[in-house]
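The structure under discussion appears below in the form of structure tokens.
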There are 2 protein chains.
Amino acid sequence: VSGGEFDLIRMLKGQLAQRHGDVLLGIGDDAAILRNGTCVTCDLLVEDVHFRRATTSLHDLGWKALAVNLSDLAAMGARPILAVVGLGLPPDLAEAGVVELYAGLDECAATYGLDVAGGDVVRAPVLTLSVTAIGRWDWMALRSGAAPGNRLAVTGPLGASRAGLAILEGRATGDDALVERHRRPQPRVAEGHALAGMASAMMDISDGLASDVVRLAEASRMTCVIDLDLVPVADGVESVARQLGELPTRFAAAGGEDYELLVAIPEQAIARARAPLLVVGHVTAGEPGRVIFTGEGSDDPPRGFDHLDQV
Amino acid sequence: VSGGEFDLIRMLKGQLAQRHGDVLLGIGDDAAILRNGTCVTCDLLVEDVHFRRATTSLHDLGWKALAVNLSDLAAMGARPILAVVGLGLPPDLAEAGVVELYAGLDECAATYGLDVAGGDVVRAPVLTLSVTAIGRWDWMALRSGAAPGNRLAVTGPLGASRAGLAILEGRATGDDALVERHRRPQPRVAEGHALAGMASAMMDISDGLASDVVRLAEASRMTCVIDLDLVPVADGVESVARQLGELPTRFAAAGGEDYELLVAIPEQAIARARAPLLVVGHVTAGEPGRVIFTGEGSDDPPRGFDHLDQV
């Protein structure tokens, strides 16, 4: 969600009561959490806001709609069990299209070992998908636990999805693997589960490291320092960034839809982590919610991707 | 969902694999069910398909969007814990409108003792609500368990919501309480929980007894017999039905959005049930999926309400 909607959620958070003893965490993090080990996350995808049918195949849309939700579960450390899908069908979408969409959903579900349950199928003016993913947590990590001295690290190199989008849109040339990373994001479910027990804070990078780290800093009421020189750049991204006249590390830090995880973690825990971790900065007890960029490009700090403005 | 979409769900049901051992029941009933006692249901509500902002206040819309989901949980015998809401906002909906919508959601949540967690807030061409309700079951009832000799019974008199809609639309005059029943449906959560342990089959009446009993007959592969003379008519409905030139029992049997429960239950269990039960028919081992109407009006059997055609 973008800035304006994020403020709205904060306002609603104040308005909504927490009343059921089985709910550990409601609004505000990547997912809601129940005491019985259940974790729930929900995304609404709307045609011409989040995707265009002209440029996204229905199969890819199905994959991505589910993958994005699984990434939210991964961000809490939960492993997926079930996805419930609500589908709003426009008049011009034939039954074959629905089958293709579900085939994409089911391919992603098979890859990550969960079930898909149809929830509701209704009419709508544009193709609308609501995906709710249910997972189970053994231990969990929130956005709000970062502590002074923690390292900030990511689970993999960044920028591939953004580079893939540039290639898809004809703004650059490059490897098909980058396009594939954009079309079929791979949520870090196993990594999230492994890291949840040792990370102080965790979230997924959906809007780009540069934006998402602000949310972690806000939720944890800490200052986060990102050294742009340390930002790991995915294979093939450097060439695409250069074609677009951008510094590769800065390009990667602003790249949305990578769906790697961002963790704040004690330095001594990094070596024991059963997931790859690439350090990009650290946490300090400075001004709450502030992010400081250092290194090359920090004089013009990168800005993240805003889903709502990128159609 | 209407007939066409119901067929689509059946087709998808064949396509989707059941692979996670924690999922007891996926697509097809009122809700999906997990082995750990969790029950999940999802509805997508789209402006100008399911409601119009000109005739439904945002507060009522919030209440109803959640109530409908709670009714699906009630139909399985589950008690609600949490609702996760995805919201698609059109450009012309001001922030105050969102607050009003959430106030309605939260009033319903308070009445039934659950939490509301915001999930996702996005842009959309028309107001779009996705509500996923999570509940817990101790025991459950499916649509598919009806057995020959079972009585068919409902948890309360019918037709109030349909009569309320006719009053709202100026097609009849009548009691404000009927309008209230249309605007603020009261899902039978406690009744569902009490009946789940003793009913052979259970579902909620969202599209009208006359349509929904067909689904129960299909899922159970039985013939259901409904005696229209036994259909209980809610207070004040008779006068509205007469104004519209309809037989009150037939009007009530075709009345959508009452959200009472329909159960198939052994006759000897009815007296022990800790919920009101009004017998309307019985189950026989006839042609699977067939419904036979008897009594006055059965020469022209009532048809249920189709959400998709009633805007």
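Convention: chains lettered A, B, ... in structure tokens order; per-chain residue numbering from 1; ligands numbered from 1 as shown.
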Can you superpose chain B onto chain A by least squares over all C-alpha atoms paired in order and give the moved copy as a CSV table (one decimal) with C-alpha atoms, in the first residue's frame?
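Result file selection.csv:
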chain,number,residue,atom,x,y,z
B,1,VAL,CA,0.0,-0.1,0.0
B,2,SER,CA,1.2,3.4,-0.7
B,3,GLY,CA,1.7,6.2,1.8
B,4,GLY,CA,-1.8,7.5,1.8
B,5,GLU,CA,-3.4,4.1,2.3
B,6,PHE,CA,-0.8,3.2,5.0
B,7,ASP,CA,-2.0,6.3,7.0
B,8,LEU,CA,-5.5,5.1,6.5
B,9,ILE,CA,-4.6,1.7,7.9
B,10,ARG,CA,-3.0,3.3,10.9
B,11,MET,CA,-6.1,5.3,11.5
B,12,LEU,CA,-8.3,2.3,11.3
B,13,LYS,CA,-6.0,0.4,13.6
B,14,GLY,CA,-6.8,3.0,16.3
B,15,GLN,CA,-10.5,2.5,15.5
B,16,LEU,CA,-10.8,-1.3,15.6
B,17,ALA,CA,-11.0,-3.0,18.9
B,18,GLN,CA,-9.0,-6.1,19.8
B,19,ARG,CA,-11.5,-8.3,21.5
B,20,HIS,CA,-11.0,-12.0,20.8
B,21,GLY,CA,-8.4,-13.6,23.0
B,22,ASP,CA,-7.4,-15.9,20.1
B,23,VAL,CA,-6.1,-13.0,18.1
B,24,LEU,CA,-2.5,-12.2,18.9
B,25,LEU,CA,-2.0,-9.6,16.2
B,26,GLY,CA,-4.6,-8.0,13.9
B,27,ILE,CA,-4.1,-5.1,11.6
B,28,GLY,CA,-0.7,-3.6,10.8
B,29,ASP,CA,2.0,-6.2,10.1
B,30,ASP,CA,2.3,-8.4,7.0
B,31,ALA,CA,-0.3,-10.8,8.3
B,32,ALA,CA,-2.8,-11.3,11.2
B,33,ILE,CA,-1.8,-14.0,13.8
B,34,LEU,CA,-4.0,-16.3,15.9
B,35,ARG,CA,-2.9,-17.9,19.1
B,36,ASN,CA,-3.5,-21.4,17.7
B,37,GLY,CA,-0.6,-21.0,15.3
B,38,THR,CA,-2.7,-19.7,12.3
B,39,CYS,CA,-1.4,-16.8,10.3
B,40,VAL,CA,-3.7,-15.0,7.7
B,41,THR,CA,-2.9,-12.6,5.0
B,42,CYS,CA,-5.1,-11.0,2.3
B,43,ASP,CA,-4.4,-9.2,-1.0
B,44,LEU,CA,-6.8,-7.6,-3.4
B,45,LEU,CA,-5.6,-7.3,-7.0
B,46,VAL,CA,-7.6,-5.1,-9.4
B,47,GLU,CA,-7.2,-5.0,-13.2
B,48,ASP,CA,-5.7,-1.8,-14.5
B,49,VAL,CA,-4.5,-0.9,-11.0
B,50,HIS,CA,-2.2,-3.8,-10.3
B,51,PHE,CA,-2.0,-5.5,-13.6
B,52,ARG,CA,-3.1,-5.2,-17.2
B,53,ARG,CA,-4.4,-8.2,-19.1
B,54,ALA,CA,-2.6,-6.9,-22.2
B,55,THR,CA,0.8,-7.4,-20.6
B,56,THR,CA,0.2,-10.2,-18.0
B,57,SER,CA,-0.9,-13.6,-19.0
B,58,LEU,CA,-3.7,-15.0,-16.8
B,59,HIS,CA,-1.5,-17.9,-15.9
B,60,ASP,CA,1.2,-15.5,-14.6
B,61,LEU,CA,-1.4,-13.4,-12.8
B,62,GLY,CA,-2.6,-16.5,-11.0
B,63,TRP,CA,0.9,-17.4,-9.9
B,64,LYS,CA,1.8,-13.9,-8.9
B,65,ALA,CA,-1.5,-13.3,-6.9
B,66,LEU,CA,-0.7,-16.3,-4.8
B,67,ALA,CA,3.1,-15.7,-4.6
B,68,VAL,CA,2.6,-12.2,-3.2
B,69,ASN,CA,0.5,-13.6,-0.4
B,70,LEU,CA,2.9,-16.4,0.4
B,71,SER,CA,5.6,-13.7,0.7
B,72,ASP,CA,3.5,-12.0,3.4
B,73,LEU,CA,3.3,-15.3,5.2
B,74,ALA,CA,7.1,-15.9,4.7
B,75,ALA,CA,7.6,-12.4,6.2
B,76,MET,CA,6.1,-13.6,9.5
B,77,GLY,CA,7.9,-17.0,9.4
B,78,ALA,CA,4.7,-18.9,8.6
B,79,ARG,CA,4.4,-21.8,6.2
B,80,PRO,CA,1.4,-21.9,3.9
B,81,ILE,CA,-1.5,-24.4,4.2
B,82,LEU,CA,-4.4,-23.0,2.2
B,83,ALA,CA,-5.3,-20.1,-0.1
B,84,VAL,CA,-8.9,-19.0,-0.5
B,85,VAL,CA,-9.7,-17.1,-3.7
B,86,GLY,CA,-12.4,-14.7,-4.5
B,87,LEU,CA,-12.8,-13.9,-8.2
B,88,GLY,CA,-14.6,-11.0,-9.8
B,89,LEU,CA,-15.2,-11.8,-13.4
B,90,PRO,CA,-15.7,-9.1,-16.1
B,91,PRO,CA,-18.2,-9.9,-18.9
B,92,ASP,CA,-15.4,-10.3,-21.5
B,93,LEU,CA,-13.5,-13.0,-19.6
B,94,ALA,CA,-14.3,-16.4,-21.0
B,95,GLU,CA,-14.4,-19.6,-19.0
B,96,ALA,CA,-11.0,-20.7,-20.6
B,97,GLY,CA,-9.5,-17.6,-19.0
B,98,VAL,CA,-10.7,-18.6,-15.6
B,99,VAL,CA,-9.2,-22.1,-16.1
B,100,GLU,CA,-5.9,-20.5,-17.1
B,101,LEU,CA,-5.9,-18.2,-14.1
B,102,TYR,CA,-6.5,-21.1,-11.8
B,103,ALA,CA,-3.8,-23.2,-13.4
B,104,GLY,CA,-1.3,-20.4,-12.5
B,105,LEU,CA,-2.6,-20.3,-9.0
B,106,ASP,CA,-2.4,-24.0,-8.7
B,107,GLU,CA,1.1,-24.2,-10.1
B,108,CYS,CA,2.3,-21.8,-7.5
B,109,ALA,CA,0.3,-23.7,-4.8
B,110,ALA,CA,1.9,-27.0,-5.9
B,111,THR,CA,5.4,-25.5,-5.8
B,112,TYR,CA,4.8,-24.4,-2.2
B,113,GLY,CA,2.8,-27.4,-1.1
B,114,LEU,CA,-0.5,-25.7,-0.2
B,115,ASP,CA,-4.1,-26.2,-1.3
B,116,VAL,CA,-6.3,-23.7,-3.2
B,117,ALA,CA,-9.9,-23.4,-2.2
B,118,GLY,CA,-12.3,-21.4,-4.3
B,119,GLY,CA,-14.2,-19.0,-2.2
B,120,ASP,CA,-16.6,-16.9,-4.2
B,121,VAL,CA,-17.1,-16.2,-7.9
B,122,VAL,CA,-19.0,-13.0,-8.8
B,123,ARG,CA,-19.4,-10.5,-11.5
B,124,ALA,CA,-17.3,-7.4,-11.6
B,125,PRO,CA,-16.6,-4.5,-14.0
B,126,VAL,CA,-12.9,-5.5,-14.2
B,127,LEU,CA,-11.0,-8.7,-13.3
B,128,THR,CA,-10.6,-8.7,-9.5
B,129,LEU,CA,-8.8,-11.3,-7.4
B,130,SER,CA,-8.9,-11.5,-3.7
B,131,VAL,CA,-6.4,-14.1,-2.3
B,132,THR,CA,-6.3,-15.0,1.4
B,133,ALA,CA,-3.5,-17.2,2.4
B,134,ILE,CA,-3.6,-19.2,5.6
B,135,GLY,CA,-0.4,-20.5,7.2
B,136,ARG,CA,1.0,-22.0,10.4
B,137,TRP,CA,3.7,-20.4,12.5
B,138,ASP,CA,6.0,-22.2,14.9
B,139,TRP,CA,7.7,-19.0,15.9
B,140,MET,CA,7.4,-15.6,14.3
B,141,ALA,CA,9.1,-12.3,13.6
B,142,LEU,CA,7.3,-8.9,13.3
B,143,ARG,CA,8.4,-5.7,11.7
B,144,SER,CA,8.5,-4.1,15.1
B,145,GLY,CA,11.4,-5.9,16.9
B,146,ALA,CA,14.5,-4.3,15.4
B,147,ALA,CA,17.0,-3.4,18.1
B,148,PRO,CA,20.1,-1.0,18.2
B,149,GLY,CA,23.2,-2.8,16.9
B,150,ASN,CA,21.2,-5.3,14.8
B,151,ARG,CA,22.5,-5.8,11.3
B,152,LEU,CA,20.1,-5.3,8.4
B,153,ALA,CA,20.3,-8.0,5.8
B,154,VAL,CA,18.4,-9.4,2.8
B,155,THR,CA,18.0,-13.0,1.7
B,156,GLY,CA,19.2,-12.4,-1.9
B,157,PRO,CA,20.4,-10.0,-4.5
B,158,LEU,CA,17.9,-7.3,-5.6
B,159,GLY,CA,16.7,-5.6,-8.7
B,160,ALA,CA,15.9,-8.6,-10.9
B,161,SER,CA,12.1,-8.0,-11.0
B,162,ARG,CA,12.5,-4.3,-11.8
B,163,ALA,CA,15.0,-5.1,-14.5
B,164,GLY,CA,12.7,-7.8,-15.9
B,165,LEU,CA,9.8,-5.2,-16.1
B,166,ALA,CA,12.1,-2.8,-18.0
B,167,ILE,CA,12.9,-5.6,-20.5
B,168,LEU,CA,9.2,-6.5,-20.8
B,169,GLU,CA,8.3,-2.9,-21.5
B,170,GLY,CA,11.0,-2.6,-24.1
B,171,ARG,CA,13.0,0.0,-22.2
B,172,ALA,CA,16.1,-2.2,-22.0
B,173,THR,CA,17.4,-5.5,-23.3
B,174,GLY,CA,18.7,-8.3,-21.1
B,175,ASP,CA,18.4,-11.9,-19.9
B,176,ASP,CA,15.0,-13.7,-20.0
B,177,ALA,CA,15.7,-14.9,-16.5
B,178,LEU,CA,15.1,-11.4,-15.3
B,179,VAL,CA,11.7,-11.3,-17.1
B,180,GLU,CA,10.9,-14.7,-15.4
B,181,ARG,CA,11.8,-13.2,-12.0
B,182,HIS,CA,9.3,-10.4,-12.7
B,183,ARG,CA,6.6,-12.8,-14.0
B,184,ARG,CA,7.0,-15.5,-11.4
B,185,PRO,CA,8.2,-14.2,-8.1
B,186,GLN,CA,9.6,-16.8,-5.7
B,187,PRO,CA,8.5,-16.0,-2.1
B,188,ARG,CA,11.1,-17.0,0.5
B,189,VAL,CA,9.0,-19.3,2.5
B,190,ALA,CA,11.6,-21.7,3.8
B,191,GLU,CA,14.0,-18.8,4.5
B,192,GLY,CA,11.3,-17.0,6.4
B,193,HIS,CA,10.6,-20.0,8.5
B,194,ALA,CA,14.3,-20.5,9.2
B,195,LEU,CA,14.9,-16.9,10.1
B,196,ALA,CA,11.8,-16.2,12.2
B,197,GLY,CA,13.3,-17.8,15.2
B,198,MET,CA,16.5,-15.7,15.2
B,199,ALA,CA,15.7,-12.4,13.5
B,200,SER,CA,14.7,-9.4,15.7
B,201,ALA,CA,12.5,-8.1,12.9
B,202,MET,CA,11.5,-9.3,9.5
B,203,MET,CA,9.4,-8.2,6.5
B,204,ASP,CA,9.2,-8.9,2.8
B,205,ILE,CA,10.5,-6.5,0.2
B,206,SER,CA,7.6,-5.9,-2.1
B,207,ASP,CA,8.0,-2.2,-2.8
B,208,GLY,CA,11.8,-2.1,-2.8
B,209,LEU,CA,14.3,-2.1,-0.1
B,210,ALA,CA,14.5,1.7,0.0
B,211,SER,CA,10.7,2.0,0.8
B,212,ASP,CA,10.2,-1.1,2.9
B,213,VAL,CA,13.1,-0.3,5.2
B,214,VAL,CA,11.2,2.9,6.2
B,215,ARG,CA,8.3,0.7,7.4
B,216,LEU,CA,10.6,-1.5,9.4
B,217,ALA,CA,12.2,1.7,10.9
B,218,GLU,CA,8.7,3.1,11.7
B,219,ALA,CA,7.3,-0.1,13.2
B,220,SER,CA,10.5,-0.7,15.3
B,221,ARG,CA,10.8,3.0,16.2
B,222,MET,CA,14.5,2.9,15.3
B,223,THR,CA,16.8,4.6,12.7
B,224,CYS,CA,18.0,2.3,10.0
B,225,VAL,CA,21.2,2.9,8.1
B,226,ILE,CA,21.5,1.4,4.5
B,227,ASP,CA,24.9,1.4,2.9
B,228,LEU,CA,24.1,1.5,-0.8
B,229,ASP,CA,27.6,0.2,-1.6
B,230,LEU,CA,26.6,-3.1,0.1
B,231,VAL,CA,23.3,-3.6,-1.8
B,232,PRO,CA,23.6,-6.9,-3.6
B,233,VAL,CA,22.7,-6.6,-7.3
B,234,ALA,CA,21.1,-9.6,-9.0
B,235,ASP,CA,22.8,-11.2,-12.1
B,236,GLY,CA,22.2,-9.3,-15.3
B,237,VAL,CA,20.7,-6.2,-13.5
B,238,GLU,CA,23.9,-4.1,-13.8
B,239,SER,CA,23.6,-4.0,-17.6
B,240,VAL,CA,19.9,-3.1,-17.5
B,241,ALA,CA,20.6,-0.3,-14.9
B,242,ARG,CA,23.4,1.1,-17.0
B,243,GLN,CA,21.2,1.1,-20.1
B,244,LEU,CA,18.7,3.2,-18.1
B,245,GLY,CA,21.4,5.5,-16.9
B,246,GLU,CA,21.1,4.4,-13.3
B,247,LEU,CA,23.7,3.3,-10.7
B,248,PRO,CA,23.1,-0.5,-10.3
B,249,THR,CA,23.1,-0.5,-6.5
B,250,ARG,CA,20.7,2.4,-6.4
B,251,PHE,CA,18.5,0.7,-9.1
B,252,ALA,CA,18.4,-2.5,-7.1
B,253,ALA,CA,17.6,-0.7,-3.8
B,254,ALA,CA,14.6,0.9,-5.5
B,255,GLY,CA,13.5,-2.3,-7.2
B,256,GLY,CA,10.0,-3.5,-6.3
B,257,GLU,CA,8.6,-7.0,-6.4
B,258,ASP,CA,11.8,-8.9,-5.6
B,259,TYR,CA,10.1,-10.6,-2.6
B,260,GLU,CA,13.3,-11.2,-0.8
B,261,LEU,CA,13.1,-10.8,3.0
B,262,LEU,CA,14.6,-8.0,4.9
B,263,VAL,CA,15.7,-8.8,8.5
B,264,ALA,CA,17.2,-7.0,11.4
B,265,ILE,CA,19.3,-9.6,13.2
B,266,PRO,CA,22.0,-9.7,15.9
B,267,GLU,CA,25.4,-9.9,14.2
B,268,GLN,CA,26.4,-13.1,16.0
B,269,ALA,CA,23.3,-14.8,14.7
B,270,ILE,CA,24.1,-14.3,11.0
B,271,ALA,CA,26.6,-17.1,10.8
B,272,ARG,CA,24.1,-19.6,12.4
B,273,ALA,CA,21.2,-18.6,10.1
B,274,ARG,CA,20.0,-21.4,7.9
B,275,ALA,CA,19.3,-19.0,5.1
B,276,PRO,CA,21.5,-16.8,3.0
B,277,LEU,CA,21.9,-13.3,4.5
B,278,LEU,CA,23.6,-10.4,2.7
B,279,VAL,CA,24.2,-7.4,5.1
B,280,VAL,CA,23.1,-4.0,3.8
B,281,GLY,CA,23.2,-1.9,6.9
B,282,HIS,CA,22.4,-1.6,10.6
B,283,VAL,CA,20.0,-0.3,13.2
B,284,THR,CA,20.6,2.5,15.6
B,285,ALA,CA,18.7,4.1,18.4
B,286,GLY,CA,18.2,7.4,16.5
B,287,GLU,CA,15.1,9.2,15.4
B,288,PRO,CA,12.2,6.7,15.1
B,289,GLY,CA,11.3,5.9,11.5
B,290,ARG,CA,14.3,7.6,10.0
B,291,VAL,CA,16.4,5.9,7.3
B,292,ILE,CA,19.9,7.1,6.5
B,293,PHE,CA,21.5,6.1,3.2
B,294,THR,CA,25.3,6.0,2.9
B,295,GLY,CA,27.6,5.1,0.0
B,296,GLU,CA,27.6,6.1,-3.7
B,297,GLY,CA,24.2,7.5,-4.7
B,298,SER,CA,23.2,8.5,-1.2
B,299,ASP,CA,23.2,12.2,-2.1
B,300,ASP,CA,20.0,11.4,-4.1
B,301,PRO,CA,18.4,8.6,-2.1
B,302,PRO,CA,16.5,5.9,-4.0
B,303,ARG,CA,12.7,5.8,-3.7
B,304,GLY,CA,10.7,2.6,-3.7
B,305,PHE,CA,8.2,1.4,-6.1
B,306,ASP,CA,4.6,2.3,-5.5
B,307,HIS,CA,2.2,-0.5,-6.7
B,308,LEU,CA,-0.6,2.0,-7.1
B,309,ASP,CA,1.3,4.3,-9.4
B,310,GLN,CA,2.9,1.5,-11.5
B,311,VAL,CA,0.4,0.1,-13.9
As a PyMOL selection string, please: all residues of segment 93-309 of chain B that backbone DSSP puts in strand (DSSP E).
chain B and resi 115-123+128-136+151-154+201-204+223-227+261-265+278-284+291-294
Residues just named, written with C-alpha atoms as a PDB file, in the first residue's frame:
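Dumped to result-v7.pdb:
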ATOM      1  CA  ASP B 115     -11.685  -8.978  15.602  1.00  0.00           C
ATOM      2  CA  VAL B 116     -11.385  -7.154  12.285  1.00  0.00           C
ATOM      3  CA  ALA B 117      -7.931  -6.941  10.729  1.00  0.00           C
ATOM      4  CA  GLY B 118      -7.357  -4.698   7.739  1.00  0.00           C
ATOM      5  CA  GLY B 119      -5.652  -6.634   5.017  1.00  0.00           C
ATOM      6  CA  ASP B 120      -5.114  -4.556   1.947  1.00  0.00           C
ATOM      7  CA  VAL B 121      -6.317  -1.165   0.728  1.00  0.00           C
ATOM      8  CA  VAL B 122      -6.011  -0.542  -3.006  1.00  0.00           C
ATOM      9  CA  ARG B 123      -7.515   1.541  -5.763  1.00  0.00           C
ATOM     10  CA  THR B 128     -14.924  -3.561  -3.784  1.00  0.00           C
ATOM     11  CA  LEU B 129     -14.855  -5.434  -0.492  1.00  0.00           C
ATOM     12  CA  SER B 130     -13.253  -8.763   0.124  1.00  0.00           C
ATOM     13  CA  VAL B 131     -14.036 -10.208   3.531  1.00  0.00           C
ATOM     14  CA  THR B 132     -12.416 -13.389   4.782  1.00  0.00           C
ATOM     15  CA  ALA B 133     -13.715 -14.701   8.079  1.00  0.00           C
ATOM     16  CA  ILE B 134     -11.769 -17.165  10.178  1.00  0.00           C
ATOM     17  CA  GLY B 135     -13.516 -19.282  12.771  1.00  0.00           C
ATOM     18  CA  ARG B 136     -12.959 -22.273  14.986  1.00  0.00           C
ATOM     19  CA  ARG B 151     -36.459 -33.860   8.747  1.00  0.00           C
ATOM     20  CA  LEU B 152     -35.650 -30.601   6.966  1.00  0.00           C
ATOM     21  CA  ALA B 153     -35.939 -27.647   9.322  1.00  0.00           C
ATOM     22  CA  VAL B 154     -35.067 -23.953   9.492  1.00  0.00           C
ATOM     23  CA  ALA B 201     -26.396 -31.653   7.019  1.00  0.00           C
ATOM     24  CA  MET B 202     -26.485 -27.887   7.403  1.00  0.00           C
ATOM     25  CA  MET B 203     -26.189 -24.749   5.273  1.00  0.00           C
ATOM     26  CA  ASP B 204     -27.241 -21.137   5.497  1.00  0.00           C
ATOM     27  CA  THR B 223     -34.298 -35.904  -2.863  1.00  0.00           C
ATOM     28  CA  CYS B 224     -35.656 -33.176  -0.614  1.00  0.00           C
ATOM     29  CA  VAL B 225     -39.368 -32.615  -0.099  1.00  0.00           C
ATOM     30  CA  ILE B 226     -40.531 -29.142   1.004  1.00  0.00           C
ATOM     31  CA  ASP B 227     -44.122 -28.702   2.183  1.00  0.00           C
ATOM     32  CA  LEU B 261     -29.922 -22.072   8.766  1.00  0.00           C
ATOM     33  CA  LEU B 262     -31.391 -25.042   6.931  1.00  0.00           C
ATOM     34  CA  VAL B 263     -30.686 -28.404   8.541  1.00  0.00           C
ATOM     35  CA  ALA B 264     -31.371 -32.030   7.740  1.00  0.00           C
ATOM     36  CA  ILE B 265     -31.689 -33.722  11.121  1.00  0.00           C
ATOM     37  CA  LEU B 278     -39.192 -25.301  12.413  1.00  0.00           C
ATOM     38  CA  VAL B 279     -39.817 -28.353  10.236  1.00  0.00           C
ATOM     39  CA  VAL B 280     -40.449 -27.613   6.548  1.00  0.00           C
ATOM     40  CA  GLY B 281     -40.014 -31.030   4.927  1.00  0.00           C
ATOM     41  CA  HIS B 282     -38.003 -34.214   4.803  1.00  0.00           C
ATOM     42  CA  VAL B 283     -35.294 -36.136   2.932  1.00  0.00           C
ATOM     43  CA  THR B 284     -35.871 -39.242   0.841  1.00  0.00           C
ATOM     44  CA  VAL B 291     -36.502 -31.067  -4.829  1.00  0.00           C
ATOM     45  CA  ILE B 292     -40.240 -31.757  -4.639  1.00  0.00           C
ATOM     46  CA  PHE B 293     -42.591 -29.024  -3.420  1.00  0.00           C
ATOM     47  CA  THR B 294     -45.936 -29.965  -1.905  1.00  0.00           C
TER      48      THR B 294
END
Out of segment 79-238 of chain B, which residues get alpha helix (DSSP H) from DSSP, as a PyMOL selection string?
chain B and resi 95-112+160-168+176-183+189-196+209-220+237-238
